[in-house]
>>> print(open('target-v3.csv').read())   # CSV, C-alpha atoms
chain,number,residue,atom,x,y,z
A,1,MET,CA,18.2,-30.5,-38.8
A,2,THR,CA,16.8,-27.0,-38.3
A,3,GLN,CA,17.8,-24.2,-40.7
A,4,SER,CA,21.2,-22.7,-40.0
A,5,PRO,CA,21.0,-19.3,-38.4
A,6,ASP,CA,23.1,-16.2,-38.4
A,7,LEU,CA,25.1,-16.1,-35.1
A,8,THR,CA,26.5,-13.1,-33.3
A,9,PHE,CA,29.1,-13.3,-30.5
A,10,SER,CA,29.5,-10.0,-28.8
A,11,GLY,CA,31.5,-9.3,-25.6
A,12,SER,CA,34.8,-9.6,-23.7
A,13,ALA,CA,36.5,-12.1,-21.4
A,14,THR,CA,38.8,-12.0,-18.5
A,15,ILE,CA,40.7,-14.7,-16.5
A,16,SER,CA,41.3,-13.9,-12.8
A,17,GLY,CA,40.5,-10.2,-13.6
A,18,VAL,CA,43.0,-10.0,-16.4
A,19,SER,CA,41.7,-9.3,-19.9
A,20,LEU,CA,41.8,-12.3,-22.3
A,21,PHE,CA,40.3,-10.4,-25.2
A,22,ALA,CA,38.8,-6.9,-25.4
A,23,PRO,CA,35.2,-6.3,-26.4
A,24,LEU,CA,34.6,-7.7,-29.9
A,25,THR,CA,31.7,-8.6,-32.2
A,26,LEU,CA,32.0,-11.6,-34.4
A,27,THR,CA,29.1,-12.3,-36.8
A,28,LEU,CA,28.8,-15.7,-38.4
A,29,GLU,CA,26.7,-15.6,-41.5
A,30,ALA,CA,24.1,-18.4,-42.0
A,31,GLY,CA,25.3,-21.2,-44.2
A,32,GLN,CA,28.9,-19.9,-44.5
A,33,TRP,CA,32.3,-20.7,-43.2
A,34,THR,CA,34.0,-18.1,-41.0
A,35,CYS,CA,37.7,-18.7,-40.4
A,36,LEU,CA,39.3,-17.3,-37.2
A,37,LEU,CA,43.0,-16.9,-37.0
A,38,GLY,CA,45.3,-15.4,-34.4
A,39,GLY,CA,48.3,-16.1,-32.2
A,40,SER,CA,48.3,-18.6,-29.4
A,41,GLY,CA,46.6,-17.3,-26.2
A,42,VAL,CA,44.4,-14.6,-27.8
A,43,GLY,CA,41.2,-16.5,-26.9
A,44,LYS,CA,40.1,-18.3,-30.1
A,45,THR,CA,39.3,-21.6,-28.4
A,46,THR,CA,37.6,-19.7,-25.6
A,47,VAL,CA,35.2,-18.1,-28.2
A,48,LEU,CA,34.4,-21.6,-29.5
A,49,ARG,CA,33.8,-23.1,-26.1
A,50,LEU,CA,31.6,-20.1,-25.1
A,51,ILE,CA,29.4,-20.6,-28.1
A,52,ALA,CA,29.2,-24.3,-27.4
A,53,GLY,CA,28.2,-23.6,-23.8
A,54,LEU,CA,31.2,-25.3,-22.4
A,55,GLU,CA,33.4,-24.4,-19.4
A,56,THR,CA,36.3,-22.1,-20.2
A,57,GLY,CA,37.8,-20.8,-17.0
A,58,ALA,CA,37.1,-17.3,-18.2
A,59,THR,CA,34.5,-14.7,-17.1
A,60,PHE,CA,32.5,-13.7,-20.2
A,61,THR,CA,30.6,-10.4,-20.3
A,62,GLY,CA,28.4,-10.2,-23.3
A,63,GLN,CA,25.9,-12.2,-25.3
A,64,ILE,CA,25.7,-14.9,-27.9
A,65,THR,CA,22.6,-14.8,-30.1
A,66,ALA,CA,21.1,-16.5,-33.1
A,67,SER,CA,19.0,-14.7,-35.7
A,68,ASP,CA,16.1,-17.0,-35.2
A,69,GLY,CA,16.0,-16.3,-31.4
A,70,LEU,CA,16.5,-20.0,-30.5
A,71,PRO,CA,19.0,-21.2,-28.0
A,72,VAL,CA,22.5,-21.7,-29.5
A,73,ALA,CA,24.4,-24.3,-27.5
A,74,LYS,CA,22.0,-27.2,-28.0
A,75,ARG,CA,22.3,-26.8,-31.8
A,76,VAL,CA,26.1,-27.0,-31.9
A,77,ALA,CA,28.5,-29.7,-33.1
A,78,TYR,CA,31.9,-29.0,-31.6
A,79,MET,CA,35.3,-30.6,-32.5
A,80,ALA,CA,38.0,-29.8,-30.0
A,81,GLN,CA,41.8,-29.7,-30.7
A,82,ASP,CA,42.1,-33.0,-28.8
A,83,ASP,CA,40.3,-35.9,-30.4
A,84,LEU,CA,38.6,-36.9,-27.1
A,85,LEU,CA,38.0,-40.4,-28.4
A,86,LEU,CA,36.8,-43.0,-26.0
A,87,PRO,CA,39.8,-45.4,-25.6
A,88,TRP,CA,37.7,-48.5,-25.1
A,89,ALA,CA,35.4,-47.9,-28.1
A,90,SER,CA,36.0,-48.8,-31.7
A,91,VAL,CA,36.2,-46.4,-34.6
A,92,ALA,CA,32.5,-47.1,-35.5
A,93,GLN,CA,31.4,-46.7,-31.9
A,94,ASN,CA,33.3,-43.4,-31.5
A,95,VAL,CA,31.8,-42.0,-34.7
A,96,SER,CA,28.2,-42.7,-33.5
A,97,LEU,CA,28.9,-41.7,-29.9
A,98,GLY,CA,26.6,-38.6,-29.9
A,99,ALA,CA,23.4,-40.5,-30.8
A,100,ARG,CA,24.2,-43.3,-28.2
A,101,LEU,CA,24.8,-40.7,-25.4
A,102,ARG,CA,21.4,-39.2,-26.2
A,103,GLY,CA,19.7,-42.6,-26.2
A,104,GLU,CA,19.0,-42.5,-29.9
A,105,THR,CA,19.5,-45.1,-32.6
A,106,PRO,CA,22.5,-44.1,-34.8
A,107,ASP,CA,22.1,-43.7,-38.5
A,108,ILE,CA,24.3,-46.6,-39.4
A,109,ALA,CA,24.3,-46.0,-43.1
A,110,ARG,CA,25.4,-42.4,-42.6
A,111,ARG,CA,28.1,-43.5,-40.1
A,112,ASP,CA,29.5,-46.1,-42.6
A,113,ARG,CA,29.5,-43.6,-45.5
A,114,LEU,CA,31.4,-41.1,-43.4
A,115,ILE,CA,33.9,-43.8,-42.2
A,116,GLU,CA,34.5,-44.8,-45.8
A,117,ARG,CA,34.9,-41.2,-47.0
A,118,MET,CA,37.4,-40.7,-44.2
A,119,ARG,CA,39.3,-43.7,-45.6
A,120,LEU,CA,38.9,-45.5,-42.3
A,121,GLN,CA,36.9,-48.5,-43.5
A,122,ASP,CA,39.9,-50.8,-42.8
A,123,HIS,CA,40.1,-49.6,-39.2
A,124,VAL,CA,36.4,-49.6,-38.3
A,125,HIS,CA,36.9,-52.2,-35.5
A,126,LYS,CA,40.1,-50.7,-34.1
A,127,LYS,CA,40.5,-48.9,-30.8
A,128,PRO,CA,42.1,-45.4,-30.7
A,129,ALA,CA,45.4,-46.8,-29.3
A,130,GLU,CA,45.8,-48.7,-32.6
A,131,LEU,CA,45.5,-45.6,-34.8
A,132,SER,CA,47.9,-42.9,-35.8
A,133,GLY,CA,47.4,-39.3,-34.8
A,134,GLY,CA,46.0,-38.4,-38.2
A,135,GLN,CA,43.6,-41.3,-38.2
A,136,ARG,CA,42.3,-40.4,-34.7
A,137,GLN,CA,41.7,-36.8,-35.9
A,138,ARG,CA,39.7,-38.2,-38.9
A,139,VAL,CA,37.6,-40.2,-36.5
A,140,ALA,CA,36.9,-37.1,-34.4
A,141,LEU,CA,36.0,-35.2,-37.6
A,142,ALA,CA,33.6,-38.0,-38.7
A,143,ARG,CA,32.0,-37.9,-35.2
A,144,THR,CA,31.4,-34.2,-35.6
A,145,LEU,CA,30.0,-34.5,-39.1
A,146,MET,CA,27.8,-37.3,-37.9
A,147,GLU,CA,26.0,-34.9,-35.6
A,148,ASP,CA,24.3,-33.1,-38.5
A,149,ARG,CA,23.9,-29.8,-36.6
A,150,PRO,CA,23.1,-26.4,-38.0
A,151,ILE,CA,26.0,-24.7,-36.2
A,152,VAL,CA,29.5,-26.4,-36.4
A,153,LEU,CA,32.6,-25.3,-34.4
A,154,LEU,CA,35.9,-26.7,-35.5
A,155,ASP,CA,39.1,-26.1,-33.6
A,156,GLU,CA,42.1,-26.9,-35.8
A,157,PRO,CA,40.3,-30.0,-37.2
A,158,PHE,CA,43.0,-30.8,-39.9
A,159,SER,CA,46.2,-30.0,-38.0
A,160,ALA,CA,47.4,-33.6,-37.6
A,161,LEU,CA,46.9,-34.5,-41.2
A,162,ASP,CA,49.5,-34.8,-44.0
A,163,ALA,CA,49.1,-32.3,-46.9
A,164,ARG,CA,47.2,-34.6,-49.3
A,165,THR,CA,44.8,-35.9,-46.6
A,166,ARG,CA,44.3,-32.4,-45.2
A,167,ALA,CA,43.2,-31.1,-48.6
A,168,ASP,CA,40.9,-34.1,-49.1
A,169,MET,CA,39.3,-33.7,-45.7
A,170,GLN,CA,38.9,-30.0,-46.2
A,171,ASP,CA,37.0,-30.8,-49.4
A,172,LEU,CA,34.8,-33.4,-47.6
A,173,ALA,CA,34.0,-31.1,-44.7
A,174,ALA,CA,33.2,-28.2,-47.1
A,175,GLU,CA,30.8,-30.5,-49.0
A,176,VAL,CA,29.1,-32.0,-46.0
A,177,LEU,CA,28.8,-28.6,-44.2
A,178,HIS,CA,28.0,-26.5,-47.2
A,179,ASP,CA,24.7,-25.1,-45.8
A,180,ARG,CA,25.8,-24.9,-42.1
A,181,THR,CA,27.0,-22.0,-40.0
A,182,VAL,CA,30.6,-22.9,-39.5
A,183,LEU,CA,33.3,-21.3,-37.4
A,184,LEU,CA,36.8,-22.7,-38.1
A,185,VAL,CA,39.7,-21.8,-35.8
A,186,THR,CA,43.0,-22.4,-37.6
A,187,HIS,CA,46.6,-21.3,-37.5
A,188,ASP,CA,47.1,-22.0,-41.2
A,189,PRO,CA,46.6,-18.9,-43.5
A,190,GLY,CA,46.5,-21.3,-46.5
A,191,GLU,CA,43.6,-23.2,-45.0
A,192,ALA,CA,41.7,-20.0,-44.2
A,193,ALA,CA,42.3,-18.7,-47.7
A,194,ARG,CA,41.0,-21.9,-49.2
A,195,LEU,CA,37.9,-22.4,-47.0
A,196,GLY,CA,36.9,-19.0,-45.6
A,197,GLN,CA,33.9,-17.1,-46.9
A,198,SER,CA,34.6,-14.7,-44.0
A,199,ILE,CA,38.1,-14.4,-42.6
A,200,MET,CA,39.0,-12.7,-39.3
A,201,VAL,CA,42.2,-12.3,-37.4
A,202,MET,CA,41.9,-12.1,-33.6
A,203,THR,CA,44.2,-10.4,-31.2
A,204,HIS,CA,43.9,-9.5,-27.5
A,205,HIS,CA,42.5,-6.1,-28.7
A,206,GLY,CA,39.8,-7.2,-31.2
A,207,LEU,CA,39.2,-8.5,-34.7
A,208,THR,CA,40.6,-7.5,-38.1
A,209,ALA,CA,38.8,-8.6,-41.2
A,210,CYS,CA,40.7,-10.0,-44.3
A,211,THR,CA,38.9,-10.0,-47.7
A,212,PRO,CA,38.5,-13.6,-48.8
A,213,PRO,CA,39.1,-14.7,-52.4
A,214,ARG,CA,36.1,-14.3,-54.8
A,215,ALA,CA,36.1,-17.9,-56.0
A,216,PRO,CA,33.7,-20.4,-54.3
A,217,ALA,CA,35.2,-22.5,-51.4
A,218,PRO,CA,36.9,-24.8,-51.3
A,219,ARG,CA,39.4,-23.1,-53.6
A,220,MET,CA,42.3,-24.5,-55.6
A,221,VAL,CA,45.4,-24.3,-53.5
A,222,ASP,CA,47.4,-22.7,-56.4
A,223,ASP,CA,44.7,-20.2,-57.4
A,224,LEU,CA,46.4,-16.8,-57.6
A,225,GLU,CA,43.8,-15.0,-55.5
A,226,THR,CA,43.9,-17.7,-52.9
A,227,LEU,CA,47.7,-17.4,-52.7
A,228,GLU,CA,47.4,-13.6,-52.4
A,229,THR,CA,45.0,-13.9,-49.5
A,230,GLN,CA,47.3,-16.5,-47.9
A,231,GLY,CA,50.1,-14.0,-48.1
A,232,ALA,CA,48.0,-11.1,-46.8
A,233,LEU,CA,47.0,-13.2,-43.8
A,234,LEU,CA,50.6,-14.2,-43.0
A,235,ARG,CA,51.7,-10.5,-43.2
A,236,LEU,CA,48.8,-9.5,-40.9
A,237,LEU,CA,49.6,-12.2,-38.4
A,238,ARG,CA,53.3,-11.3,-38.4
A,239,ASP,CA,52.4,-7.6,-37.9
A,240,GLU,CA,50.1,-8.4,-35.0
A,241,ALA,CA,52.8,-10.5,-33.4
A,242,ALA,CA,55.5,-7.8,-33.8
>>> encode(input="target-v3.csv", output="structure tokens")
Amino acid sequence: MTQSPDLTFSGSATISGVSLFAPLTLTLEAGQWTCLLGGSGVGKTTVLRLIAGLETGATFTGQITASDGLPVAKRVAYMAQDDLLLPWASVAQNVSLGARLRGETPDIARRDRLIERMRLQDHVHKKPAELSGGQRQRVALARTLMEDRPIVLLDEPFSALDARTRADMQDLAAEVLHDRTVLLVTHDPGEAARLGQSIMVMTHHGLTACTPPRAPAPRMVDDLETLETQGALLRLLRDEAA
């Protein structure tokens, strides 16, 4: 893996000539988690897909640059809202899919460690149809972590998980991605307060920063400053929606 760069997203987007989001500049610090919140339809997923070099249906005017000057899209691991698992492949095959598509030999030891830490070892030979929604999401998260990329884009990666599993998977992702440049899109203020080293709220008109807690992430869910940041984010989101 190459060293994680700073990343700057600067520009605006339209769909059929109608503004999706106004000109904005989003800076992702190298080796840090940036959390992006906002109401549905403001363009958060579009930002992720643009960084990943994927089709969005939007017209983007601007630029996406890394501090080291190297191309961005080929160094990205992207987890979409939908798990996008191959229905005919087992859990193990889905987790190692990226390497197989590139014609590479998967790191089986790494794959098996991730599967075990996702608490999926009893389901390793199962197909997606045999799994619950939360299990499928954990397979998709393991597949993303398996990619070992310097830039990681996560679109609501914990949304289908129960509270305990969500906290456990947040801890695991924070551990595995501690030195990566991570952009996490979430609708959960508590999640952003727990994981974010930079926290931004997105609207159709731009970005508003929210000061993260001072404690290192991942933070305790009942830490006073974490709870205060969660409350501040919820107020900001409600004000933006009003």
>>> residues_near_point(input="target-v3.csv", point="(37.3, -22.4, -14.5)", cutoff="12 Å", atoms="all atoms listed in the file", output="PyMOL selection string")
chain A and resi 14-16+46+54-60
>>> write_last_selection(input="target-v3.csv", atoms="C-alpha atoms", output="CSV table (one decimal), in the frame of the given file")
chain,number,residue,atom,x,y,z
A,14,THR,CA,38.8,-12.0,-18.5
A,15,ILE,CA,40.7,-14.7,-16.5
A,16,SER,CA,41.3,-13.9,-12.8
A,46,THR,CA,37.6,-19.7,-25.6
A,54,LEU,CA,31.2,-25.3,-22.4
A,55,GLU,CA,33.4,-24.4,-19.4
A,56,THR,CA,36.3,-22.1,-20.2
A,57,GLY,CA,37.8,-20.8,-17.0
A,58,ALA,CA,37.1,-17.3,-18.2
A,59,THR,CA,34.5,-14.7,-17.1
A,60,PHE,CA,32.5,-13.7,-20.2
>>> atom_distance(input="target-v3.csv", atom1="atom CA of A:Pro106", atom2="atom CA of A:Asp83")
20.1 Å
>>> closest_residue(input="target-v3.csv", among="A:Thr186, A:Thr105, A:Thr165, A:Gln135", to="A:Gly39", atoms="all atoms listed in the file")
A:Thr186
>>> residues_near_point(input="target-v3.csv", point="(37.1, -19.5, -44.6)", cutoff="6 Å", atoms="all atoms listed in the file", output="PyMOL selection string")
chain A and resi 33-35+192+195-199
>>> residues_around(input="target-v3.csv", residues="stretch 212-225 of chain A", least_positions_apart="3", cutoff="10 Å", atoms="all atoms listed in the file", output="short mmCIF file (atom, residue, chain, number, x, y, z; two decimals) with C-alpha atoms, in the frame of the given file")
data_model
loop_
_atom_site.label_atom_id
_atom_site.label_comp_id
_atom_site.auth_asym_id
_atom_site.auth_seq_id
_atom_site.Cartn_x
_atom_site.Cartn_y
_atom_site.Cartn_z
CA GLN A 32 28.90 -19.90 -44.50
CA TRP A 33 32.30 -20.70 -43.20
CA CYS A 35 37.70 -18.70 -40.40
CA ALA A 167 43.20 -31.10 -48.60
CA GLN A 170 38.90 -30.00 -46.20
CA ASP A 171 37.00 -30.80 -49.40
CA LEU A 172 34.80 -33.40 -47.60
CA ALA A 173 34.00 -31.10 -44.70
CA ALA A 174 33.20 -28.20 -47.10
CA GLU A 175 30.80 -30.50 -49.00
CA HIS A 178 28.00 -26.50 -47.20
CA GLY A 190 46.50 -21.30 -46.50
CA GLU A 191 43.60 -23.20 -45.00
CA ALA A 192 41.70 -20.00 -44.20
CA ALA A 193 42.30 -18.70 -47.70
CA ARG A 194 41.00 -21.90 -49.20
CA LEU A 195 37.90 -22.40 -47.00
CA GLY A 196 36.90 -19.00 -45.60
CA GLN A 197 33.90 -17.10 -46.90
CA SER A 198 34.60 -14.70 -44.00
CA ILE A 199 38.10 -14.40 -42.60
CA MET A 200 39.00 -12.70 -39.30
CA ALA A 209 38.80 -8.60 -41.20
CA GLU A 228 47.40 -13.60 -52.40
CA THR A 229 45.00 -13.90 -49.50
CA GLN A 230 47.30 -16.50 -47.90
CA GLY A 231 50.10 -14.00 -48.10
CA LEU A 233 47.00 -13.20 -43.80
#
>>> residues_around(input="target-v3.csv", residues="stretch 142-146 of chain A", least_positions_apart="6", cutoff="7 Å", atoms="all atoms listed in the file", output="count of residues only")
9
>>> atom_distance(input="target-v3.csv", atom1="atom CA of A:Pro128", atom2="atom CA of A:Gln81")
15.7 Å
>>> closest_residue(input="target-v3.csv", among="A:Asp148, A:Glu29, A:Asp122, A:Glu130", to="A:Arg110", atoms="all atoms listed in the file")
A:Asp148
>>> atom_distance(input="target-v3.csv", atom1="atom CA of A:Ile151", atom2="atom CA of A:Thr181")
4.8 Å
>>> residues_around(input="target-v3.csv", residues="A:Ala30", least_positions_apart="5", cutoff="7 Å", atoms="only C-alpha atoms", output="list in words")
Ser4, Pro5, Asp6, Arg180 and Thr181 of chain A
>>> residues_around(input="target-v3.csv", residues="A:Gln63", least_positions_apart="6", cutoff="7 Å", atoms="all atoms listed in the file", output="list of chain:residue names")
A:Phe9, A:Ser10, A:Gly11
>>> closest_residue(input="target-v3.csv", among="A:Met202, A:Ala92, A:Leu70, A:Leu161", to="A:Gly43", atoms="only C-alpha atoms")
A:Met202
>>> closest_residue(input="target-v3.csv", among="A:Val201, A:Met169, A:Val76, A:Val91", to="A:Arg117", atoms="all atoms listed in the file")
A:Met169
>>> closest_residue(input="target-v3.csv", among="A:Gly62, A:Pro150, A:Gly17, A:Pro87", to="A:Val182", atoms="only C-alpha atoms")
A:Pro150
>>> residues_around(input="target-v3.csv", residues="A:Ser132", least_positions_apart="3", cutoff="12 Å", atoms="all atoms listed in the file", output="list in words")
Asp83, Leu120, His123, Lys126, Lys127, Pro128, Ala129, Gln135, Arg136, Gln137, Arg138, Val139, Ala160, Leu161 and Asp162 of chain A
>>> closest_residue(input="target-v3.csv", among="A:Ala140, A:Met118, A:Leu37, A:Leu48", to="A:Leu85", atoms="only C-alpha atoms")
A:Ala140
>>> decode(input="target-v3.csv", residues="stretch 105-116 of chain A", atoms="all heavy atoms", output="PDB file, in the first residue's frame")
ATOM      1  N   THR A 105      -3.501 -13.323  -6.723  1.00  0.00           N
ATOM      2  CA  THR A 105      -3.728 -14.366  -5.733  1.00  0.00           C
ATOM      3  C   THR A 105      -4.142 -13.711  -4.417  1.00  0.00           C
ATOM      4  O   THR A 105      -3.381 -12.915  -3.875  1.00  0.00           O
ATOM      5  CB  THR A 105      -2.463 -15.206  -5.506  1.00  0.00           C
ATOM      6  OG1 THR A 105      -2.070 -15.806  -6.741  1.00  0.00           O
ATOM      7  CG2 THR A 105      -2.712 -16.285  -4.465  1.00  0.00           C
ATOM      8  N   PRO A 106      -5.330 -14.007  -3.906  1.00  0.00           N
ATOM      9  CA  PRO A 106      -5.781 -13.370  -2.667  1.00  0.00           C
ATOM     10  C   PRO A 106      -4.899 -13.765  -1.486  1.00  0.00           C
ATOM     11  O   PRO A 106      -4.335 -14.865  -1.444  1.00  0.00           O
ATOM     12  CB  PRO A 106      -7.208 -13.905  -2.485  1.00  0.00           C
ATOM     13  CG  PRO A 106      -7.610 -14.449  -3.817  1.00  0.00           C
ATOM     14  CD  PRO A 106      -6.346 -14.916  -4.463  1.00  0.00           C
ATOM     15  N   ASP A 107      -4.769 -12.861  -0.529  1.00  0.00           N
ATOM     16  CA  ASP A 107      -4.082 -13.143   0.731  1.00  0.00           C
ATOM     17  C   ASP A 107      -5.067 -13.909   1.615  1.00  0.00           C
ATOM     18  O   ASP A 107      -5.896 -13.314   2.302  1.00  0.00           O
ATOM     19  CB  ASP A 107      -3.649 -11.828   1.388  1.00  0.00           C
ATOM     20  CG  ASP A 107      -2.838 -12.034   2.652  1.00  0.00           C
ATOM     21  OD1 ASP A 107      -2.941 -13.123   3.260  1.00  0.00           O
ATOM     22  OD2 ASP A 107      -2.130 -11.094   3.067  1.00  0.00           O
ATOM     23  N   ILE A 108      -4.994 -15.218   1.570  1.00  0.00           N
ATOM     24  CA  ILE A 108      -5.970 -16.060   2.258  1.00  0.00           C
ATOM     25  C   ILE A 108      -5.909 -15.866   3.766  1.00  0.00           C
ATOM     26  O   ILE A 108      -6.955 -15.848   4.441  1.00  0.00           O
ATOM     27  CB  ILE A 108      -5.753 -17.541   1.889  1.00  0.00           C
ATOM     28  CG1 ILE A 108      -5.909 -17.734   0.365  1.00  0.00           C
ATOM     29  CG2 ILE A 108      -6.737 -18.423   2.646  1.00  0.00           C
ATOM     30  CD1 ILE A 108      -7.251 -17.311  -0.173  1.00  0.00           C
ATOM     31  N   ALA A 109      -4.721 -15.711   4.312  1.00  0.00           N
ATOM     32  CA  ALA A 109      -4.597 -15.518   5.754  1.00  0.00           C
ATOM     33  C   ALA A 109      -5.279 -14.221   6.187  1.00  0.00           C
ATOM     34  O   ALA A 109      -5.993 -14.197   7.203  1.00  0.00           O
ATOM     35  CB  ALA A 109      -3.125 -15.509   6.161  1.00  0.00           C
ATOM     36  N   ARG A 110      -5.087 -13.168   5.418  1.00  0.00           N
ATOM     37  CA  ARG A 110      -5.743 -11.890   5.729  1.00  0.00           C
ATOM     38  C   ARG A 110      -7.259 -12.029   5.596  1.00  0.00           C
ATOM     39  O   ARG A 110      -8.017 -11.551   6.439  1.00  0.00           O
ATOM     40  CB  ARG A 110      -5.222 -10.790   4.803  1.00  0.00           C
ATOM     41  CG  ARG A 110      -5.904  -9.433   4.972  1.00  0.00           C
ATOM     42  CD  ARG A 110      -5.307  -8.398   4.026  1.00  0.00           C
ATOM     43  NE  ARG A 110      -6.041  -7.151   4.055  1.00  0.00           N
ATOM     44  CZ  ARG A 110      -5.864  -6.197   4.967  1.00  0.00           C
ATOM     45  NH1 ARG A 110      -4.984  -6.366   5.929  1.00  0.00           N
ATOM     46  NH2 ARG A 110      -6.573  -5.083   4.925  1.00  0.00           N
ATOM     47  N   ARG A 111      -7.692 -12.685   4.530  1.00  0.00           N
ATOM     48  CA  ARG A 111      -9.132 -12.903   4.340  1.00  0.00           C
ATOM     49  C   ARG A 111      -9.741 -13.640   5.516  1.00  0.00           C
ATOM     50  O   ARG A 111     -10.786 -13.235   6.051  1.00  0.00           O
ATOM     51  CB  ARG A 111      -9.351 -13.705   3.059  1.00  0.00           C
ATOM     52  CG  ARG A 111     -10.817 -13.988   2.724  1.00  0.00           C
ATOM     53  CD  ARG A 111     -10.953 -15.170   1.785  1.00  0.00           C
ATOM     54  NE  ARG A 111     -10.590 -16.426   2.457  1.00  0.00           N
ATOM     55  CZ  ARG A 111     -10.513 -17.596   1.841  1.00  0.00           C
ATOM     56  NH1 ARG A 111     -10.747 -17.672   0.528  1.00  0.00           N
ATOM     57  NH2 ARG A 111     -10.181 -18.681   2.512  1.00  0.00           N
ATOM     58  N   ASP A 112      -9.094 -14.702   5.949  1.00  0.00           N
ATOM     59  CA  ASP A 112      -9.652 -15.509   7.035  1.00  0.00           C
ATOM     60  C   ASP A 112      -9.652 -14.749   8.356  1.00  0.00           C
ATOM     61  O   ASP A 112     -10.578 -14.902   9.167  1.00  0.00           O
ATOM     62  CB  ASP A 112      -8.871 -16.816   7.164  1.00  0.00           C
ATOM     63  CG  ASP A 112      -9.109 -17.757   5.985  1.00  0.00           C
ATOM     64  OD1 ASP A 112     -10.055 -17.499   5.210  1.00  0.00           O
ATOM     65  OD2 ASP A 112      -8.350 -18.732   5.847  1.00  0.00           O
ATOM     66  N   ARG A 113      -8.635 -13.921   8.587  1.00  0.00           N
ATOM     67  CA  ARG A 113      -8.609 -13.098   9.809  1.00  0.00           C
ATOM     68  C   ARG A 113      -9.768 -12.111   9.813  1.00  0.00           C
ATOM     69  O   ARG A 113     -10.435 -11.919  10.843  1.00  0.00           O
ATOM     70  CB  ARG A 113      -7.283 -12.342   9.927  1.00  0.00           C
ATOM     71  CG  ARG A 113      -6.101 -13.192  10.353  1.00  0.00           C
ATOM     72  CD  ARG A 113      -4.929 -12.334  10.805  1.00  0.00           C
ATOM     73  NE  ARG A 113      -4.495 -11.402   9.780  1.00  0.00           N
ATOM     74  CZ  ARG A 113      -3.580 -11.675   8.854  1.00  0.00           C
ATOM     75  NH1 ARG A 113      -3.021 -12.879   8.820  1.00  0.00           N
ATOM     76  NH2 ARG A 113      -3.212 -10.764   7.964  1.00  0.00           N
ATOM     77  N   LEU A 114     -10.009 -11.470   8.664  1.00  0.00           N
ATOM     78  CA  LEU A 114     -11.108 -10.510   8.585  1.00  0.00           C
ATOM     79  C   LEU A 114     -12.452 -11.205   8.786  1.00  0.00           C
ATOM     80  O   LEU A 114     -13.319 -10.686   9.509  1.00  0.00           O
ATOM     81  CB  LEU A 114     -11.077  -9.795   7.232  1.00  0.00           C
ATOM     82  CG  LEU A 114     -10.042  -8.685   7.068  1.00  0.00           C
ATOM     83  CD1 LEU A 114      -9.959  -8.233   5.616  1.00  0.00           C
ATOM     84  CD2 LEU A 114     -10.388  -7.492   7.968  1.00  0.00           C
ATOM     85  N   ILE A 115     -12.634 -12.355   8.174  1.00  0.00           N
ATOM     86  CA  ILE A 115     -13.888 -13.095   8.327  1.00  0.00           C
ATOM     87  C   ILE A 115     -14.118 -13.460   9.792  1.00  0.00           C
ATOM     88  O   ILE A 115     -15.229 -13.326  10.316  1.00  0.00           O
ATOM     89  CB  ILE A 115     -13.888 -14.341   7.427  1.00  0.00           C
ATOM     90  CG1 ILE A 115     -14.017 -13.924   5.950  1.00  0.00           C
ATOM     91  CG2 ILE A 115     -15.010 -15.304   7.810  1.00  0.00           C
ATOM     92  CD1 ILE A 115     -13.871 -15.071   4.976  1.00  0.00           C
ATOM     93  N   GLU A 116     -13.063 -13.884  10.471  1.00  0.00           N
ATOM     94  CA  GLU A 116     -13.198 -14.240  11.881  1.00  0.00           C
ATOM     95  C   GLU A 116     -13.521 -13.021  12.730  1.00  0.00           C
ATOM     96  O   GLU A 116     -14.389 -13.073  13.607  1.00  0.00           O
ATOM     97  CB  GLU A 116     -11.916 -14.902  12.377  1.00  0.00           C
ATOM     98  CG  GLU A 116     -12.006 -15.365  13.825  1.00  0.00           C
ATOM     99  CD  GLU A 116     -10.783 -16.144  14.271  1.00  0.00           C
ATOM    100  OE1 GLU A 116      -9.832 -16.297  13.471  1.00  0.00           O
ATOM    101  OE2 GLU A 116     -10.769 -16.590  15.430  1.00  0.00           O
TER     102      GLU A 116
END
